[in-house]
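First the structure, in the form of structure tokens, and then the observations on it.
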Amino acid sequence: MKLQRLNTISLLAAMGALCAIAHSASAQLPVSRPVGTVPVPIIGGGKFSGIGFCFTREPIGRVTVVNQTLSSGNTTINLAETLTGGSLARATNPTSVVLVTGDNRGRAFRVQSNSTTSVTVIGDTTSLVAADAKLELIPEWTFATLFGTGTNPSGLSSNSTAGNADIVYISDGTGLVKYFHNNTQWRRETGSPASANNTSLGGLNGGVFVLKRSAGNLTFGFSGAVRSGRQIVDIVGPALSIVSYTEPKGTTLGNSSLVPGLTSNSTAANADIVYLPYSNAVSDEGSLIQYFHNATNWRRVSGSPTNQNPLPIRPAGALMINKKAGSYLYSIREHFEP
């Protein structure tokens with residue numbers, strides 16, 4: 001993606017790629033898929049900005065479930081179609097499957113591995129996915145596909161040491177992990193030294209927070225395939241995670257439907273916390289501001305005690321959430337059917 005100056009949300013009709021799946025007409029995607037672009041401001045000078053995945057990469061296709069086998073906590077889903085072209089090679093192309101039919105439509109499951117006639121997903125889906133259900137195969141965003149891999153990708157500053165580079169935070173299910181571009185490739189700040197170019201940015205419903213240490217603001221033109229149907233976001237606790245609000249137009253805290261899934265309490269110490277990189281004050285732009293629900297309204301943890309229900313979750317909004325206990329399946333309302 002290139003950083004560019006954009007002033008409006010643009011939804012364009014575009015020809016979709018033909019799916020790389022054979023055998024059945026049910027595996028084919030529509031020949032025309034809507035795509036879109038949202039401008040996301042990236043604030044410089046040691047400030048934070050969020051990018052939420054309101055768009056996906058171009059889906060590979062649709063498949064039909066034959067049956068499932070559970071082994072060692074993961075599920076192998078056998079398919080009616082044949083996968084071709086190595087399109088689900090997990091190491092180089094992190095992929096998820098989304099259930100698009102049935103009561104659990106909108107659930108996304110991350111692919112661990114695949115054969116030509118099956119996909120093995122992380123976790124137990126045997127009670128969630130029925131025979132003859134339809135799954136859509138969608139590549140996940142990676143550092144390479146979202147930001148690029150050349151020096152100063154998408155305008156973010158590269159450096160051989162993490163302390164002098166811009167930082168991108170992703171969540172791994174237990175907490176936040178920091179990455180930077182070292183002038184050659186994306187790397188994890190600590191841990192494995194292998195290239196992170198093809199590292200998933202948290203799955204289809206993930207998101208990233210950018211700490212732009214370098215001076216100057218940027219506008220990131222986030223483009224992709226428009227999501228359709230219900231989207232269900234897994235908010236896992238106890239953990240600090242980054243999730244997306246998947247409707248491109250955004251919403252407000254009061255209309256976000258985060259409650260009752262997140263814990264409300266009259267005191268912030270006993271409530272789940274949502275972090276956004278802004279408030280209703282210009283001076284807070286790029287700061288991580290904490291919000292909680294007090295069982296009546298959304299409030300700031302510190303600062304003005306006024307009702308924060310009207311505060312926007314901006315287009316392509318990412319939320320950092322401290323879910324202190326339990327887990328929550330957050331359902332984004334359907335804006336249109338697939």
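Residues in the structure tokens are numbered from 1 in each chain, the chains being A, B, ... in the order shown, and ligands are numbered from 1 in the order shown.
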Considering only C-alpha atoms, return as an mmCIF file with C-alpha atoms, in the first residue's frame whatever protein or nucleic-acid residues lie within 10 Å of Thr125 (chain A), sequence-local ones (same chain, fewer than 4 positions apart) excluded.
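Done, and the output landed in around21.cif:
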```
data_model
loop_
_atom_site.group_PDB
_atom_site.id
_atom_site.type_symbol
_atom_site.label_atom_id
_atom_site.label_comp_id
_atom_site.auth_asym_id
_atom_site.auth_seq_id
_atom_site.Cartn_x
_atom_site.Cartn_y
_atom_site.Cartn_z
ATOM 1 C CA GLN A 68 -14.485 -32.779 9.914
ATOM 2 C CA THR A 69 -11.918 -34.607 12.024
ATOM 3 C CA LEU A 70 -10.630 -33.296 15.368
ATOM 4 C CA GLY A 73 -7.186 -29.630 19.421
ATOM 5 C CA ASN A 74 -7.264 -28.642 15.738
ATOM 6 C CA THR A 75 -9.817 -29.532 13.078
ATOM 7 C CA THR A 76 -9.260 -30.899 9.590
ATOM 8 C CA ILE A 77 -12.139 -29.866 7.349
ATOM 9 C CA PHE A 109 -10.931 -19.680 11.599
ATOM 10 C CA VAL A 121 -7.804 -24.888 11.158
ATOM 11 C CA VAL A 129 -19.455 -25.908 11.118
ATOM 12 C CA ALA A 130 -22.035 -28.275 9.621
#
```
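Among the residues of region 155-333 of chain A, backbone DSSP assigns helix (DSSP H, G or I) to Gly155, Ala162, Gly163, Asn164, Ala268, Ala269, Asn270, Val282, Ser283 and Asp284 of chain A.
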Selected residues written out with N, CA and C atoms, as a PDB file, in the first residue's frame:
```pdb
ATOM      1  N   GLY A 155       6.121   4.844   3.784  1.00  0.00           N
ATOM      2  CA  GLY A 155       6.481   6.093   4.450  1.00  0.00           C
ATOM      3  C   GLY A 155       6.910   5.939   5.881  1.00  0.00           C
ATOM      4  N   ALA A 162      15.817  -1.179  16.258  1.00  0.00           N
ATOM      5  CA  ALA A 162      14.403  -0.916  16.512  1.00  0.00           C
ATOM      6  C   ALA A 162      14.193   0.418  17.213  1.00  0.00           C
ATOM      7  N   GLY A 163      15.149   0.824  18.058  1.00  0.00           N
ATOM      8  CA  GLY A 163      14.988   2.052  18.820  1.00  0.00           C
ATOM      9  C   GLY A 163      14.953   3.304  17.977  1.00  0.00           C
ATOM     10  N   ASN A 164      15.385   3.197  16.723  1.00  0.00           N
ATOM     11  CA  ASN A 164      15.395   4.360  15.831  1.00  0.00           C
ATOM     12  C   ASN A 164      14.421   4.221  14.668  1.00  0.00           C
ATOM     13  N   ALA A 268     -13.102   2.104  36.903  1.00  0.00           N
ATOM     14  CA  ALA A 268     -12.314   1.616  35.775  1.00  0.00           C
ATOM     15  C   ALA A 268     -11.463   0.409  36.146  1.00  0.00           C
ATOM     16  N   ALA A 269     -11.010   0.344  37.386  1.00  0.00           N
ATOM     17  CA  ALA A 269     -10.139  -0.752  37.814  1.00  0.00           C
ATOM     18  C   ALA A 269     -10.822  -2.107  37.694  1.00  0.00           C
ATOM     19  N   ASN A 270     -12.143  -2.123  37.725  1.00  0.00           N
ATOM     20  CA  ASN A 270     -12.899  -3.375  37.655  1.00  0.00           C
ATOM     21  C   ASN A 270     -13.614  -3.565  36.325  1.00  0.00           C
ATOM     22  N   VAL A 282      -8.357  17.964  20.497  1.00  0.00           N
ATOM     23  CA  VAL A 282      -7.296  17.936  19.497  1.00  0.00           C
ATOM     24  C   VAL A 282      -5.948  17.653  20.147  1.00  0.00           C
ATOM     25  N   SER A 283      -5.749  18.108  21.352  1.00  0.00           N
ATOM     26  CA  SER A 283      -4.459  17.938  22.032  1.00  0.00           C
ATOM     27  C   SER A 283      -4.148  16.475  22.340  1.00  0.00           C
ATOM     28  N   ASP A 284      -5.165  15.614  22.315  1.00  0.00           N
ATOM     29  CA  ASP A 284      -4.962  14.199  22.613  1.00  0.00           C
ATOM     30  C   ASP A 284      -4.668  13.362  21.372  1.00  0.00           C
TER      31      ASP A 284
END
```
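You will find CA of Pro312 (chain A) at 17.4 Å from CA of Ile43 (chain A).
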Fill in: Long-range neighbours of region 49-54 of chain A as a ChimeraX atom specification, 10 Å cut-off, only C-alpha atoms, 3 positions minimum in chain
/A:36-44,57,140-141,168-169,201,203-212,220,222-227,242-250,276-278,285-288,314-320
Discussion item. Quick one: residues within 8 Å of Ile235 (chain A), only C-alpha atoms, excluding same-chain residues fewer than 3 positions away - as a ChimeraX atom specification?
Written reply: /A:241,243,321,323,327-330
Can those selected residues be exported to a file as a PDB file, in the first residue's frame so that it contains N, CA and C atoms?
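Heads up, here's the output in again-v9.pdb:
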```pdb
ATOM      1  N   SER A 241      -5.331  -7.014  23.395  1.00  0.00           N
ATOM      2  CA  SER A 241      -5.427  -7.395  21.995  1.00  0.00           C
ATOM      3  C   SER A 241      -5.809  -6.193  21.136  1.00  0.00           C
ATOM      4  N   VAL A 243      -8.171  -5.355  17.814  1.00  0.00           N
ATOM      5  CA  VAL A 243      -9.226  -5.862  16.949  1.00  0.00           C
ATOM      6  C   VAL A 243      -9.737  -4.724  16.072  1.00  0.00           C
ATOM      7  N   ILE A 321      -7.817  -3.454  23.228  1.00  0.00           N
ATOM      8  CA  ILE A 321      -8.746  -3.818  24.301  1.00  0.00           C
ATOM      9  C   ILE A 321      -8.029  -4.639  25.358  1.00  0.00           C
ATOM     10  N   LYS A 323      -9.081  -7.001  27.833  1.00  0.00           N
ATOM     11  CA  LYS A 323     -10.165  -7.865  28.333  1.00  0.00           C
ATOM     12  C   LYS A 323      -9.604  -8.600  29.536  1.00  0.00           C
ATOM     13  N   SER A 327     -13.714 -14.404  27.494  1.00  0.00           N
ATOM     14  CA  SER A 327     -13.612 -14.073  26.082  1.00  0.00           C
ATOM     15  C   SER A 327     -14.974 -13.651  25.570  1.00  0.00           C
ATOM     16  N   TYR A 328     -14.985 -13.006  24.396  1.00  0.00           N
ATOM     17  CA  TYR A 328     -16.207 -12.400  23.885  1.00  0.00           C
ATOM     18  C   TYR A 328     -16.221 -12.508  22.373  1.00  0.00           C
ATOM     19  N   LEU A 329     -17.327 -13.016  21.813  1.00  0.00           N
ATOM     20  CA  LEU A 329     -17.531 -13.022  20.376  1.00  0.00           C
ATOM     21  C   LEU A 329     -18.313 -11.762  20.019  1.00  0.00           C
ATOM     22  N   TYR A 330     -17.605 -10.819  19.441  1.00  0.00           N
ATOM     23  CA  TYR A 330     -18.154  -9.502  19.141  1.00  0.00           C
ATOM     24  C   TYR A 330     -18.723  -9.505  17.731  1.00  0.00           C
TER      25      TYR A 330
END
```
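From CA of Ser200 (chain A) back to CA of Thr95 (chain A), the distance works out to 8.5 Å.
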Item to complete: Could you pull out the residues in region 87-289 of chain A that DSSP calls strand (DSSP E) from the backbone, as a PyMOL selection string?
Response: chain A and resi 95-99+108-114+118-121+134-139+167-171+176-181+186-188+207-212+218-226+231-235+239-244+251-252+273-276+289
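Between Arg107 (chain A) and the residues A:Ala80, A:Ala165, A:Val35, A:Ile232, the shortest atom-to-atom distance, using only C-alpha atoms, involves A:Ile232.
The coordinates place CA of Asp234 (chain A) at 23.2 Å from CA of Phe48 (chain A).
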Worksheet entry | Best match for closeness to Ser127 (chain A) among A:Asp103, A:Ile332, A:Thr84, A:Leu218, counting only C-alpha atoms | A:Asp103
Discussion item. Between A:Gly237, A:Val100, A:Thr306, A:Arg300, which residue has the minimum interatomic distance to Gly175 (chain A), considering only C-alpha atoms?
Written reply: A:Gly237
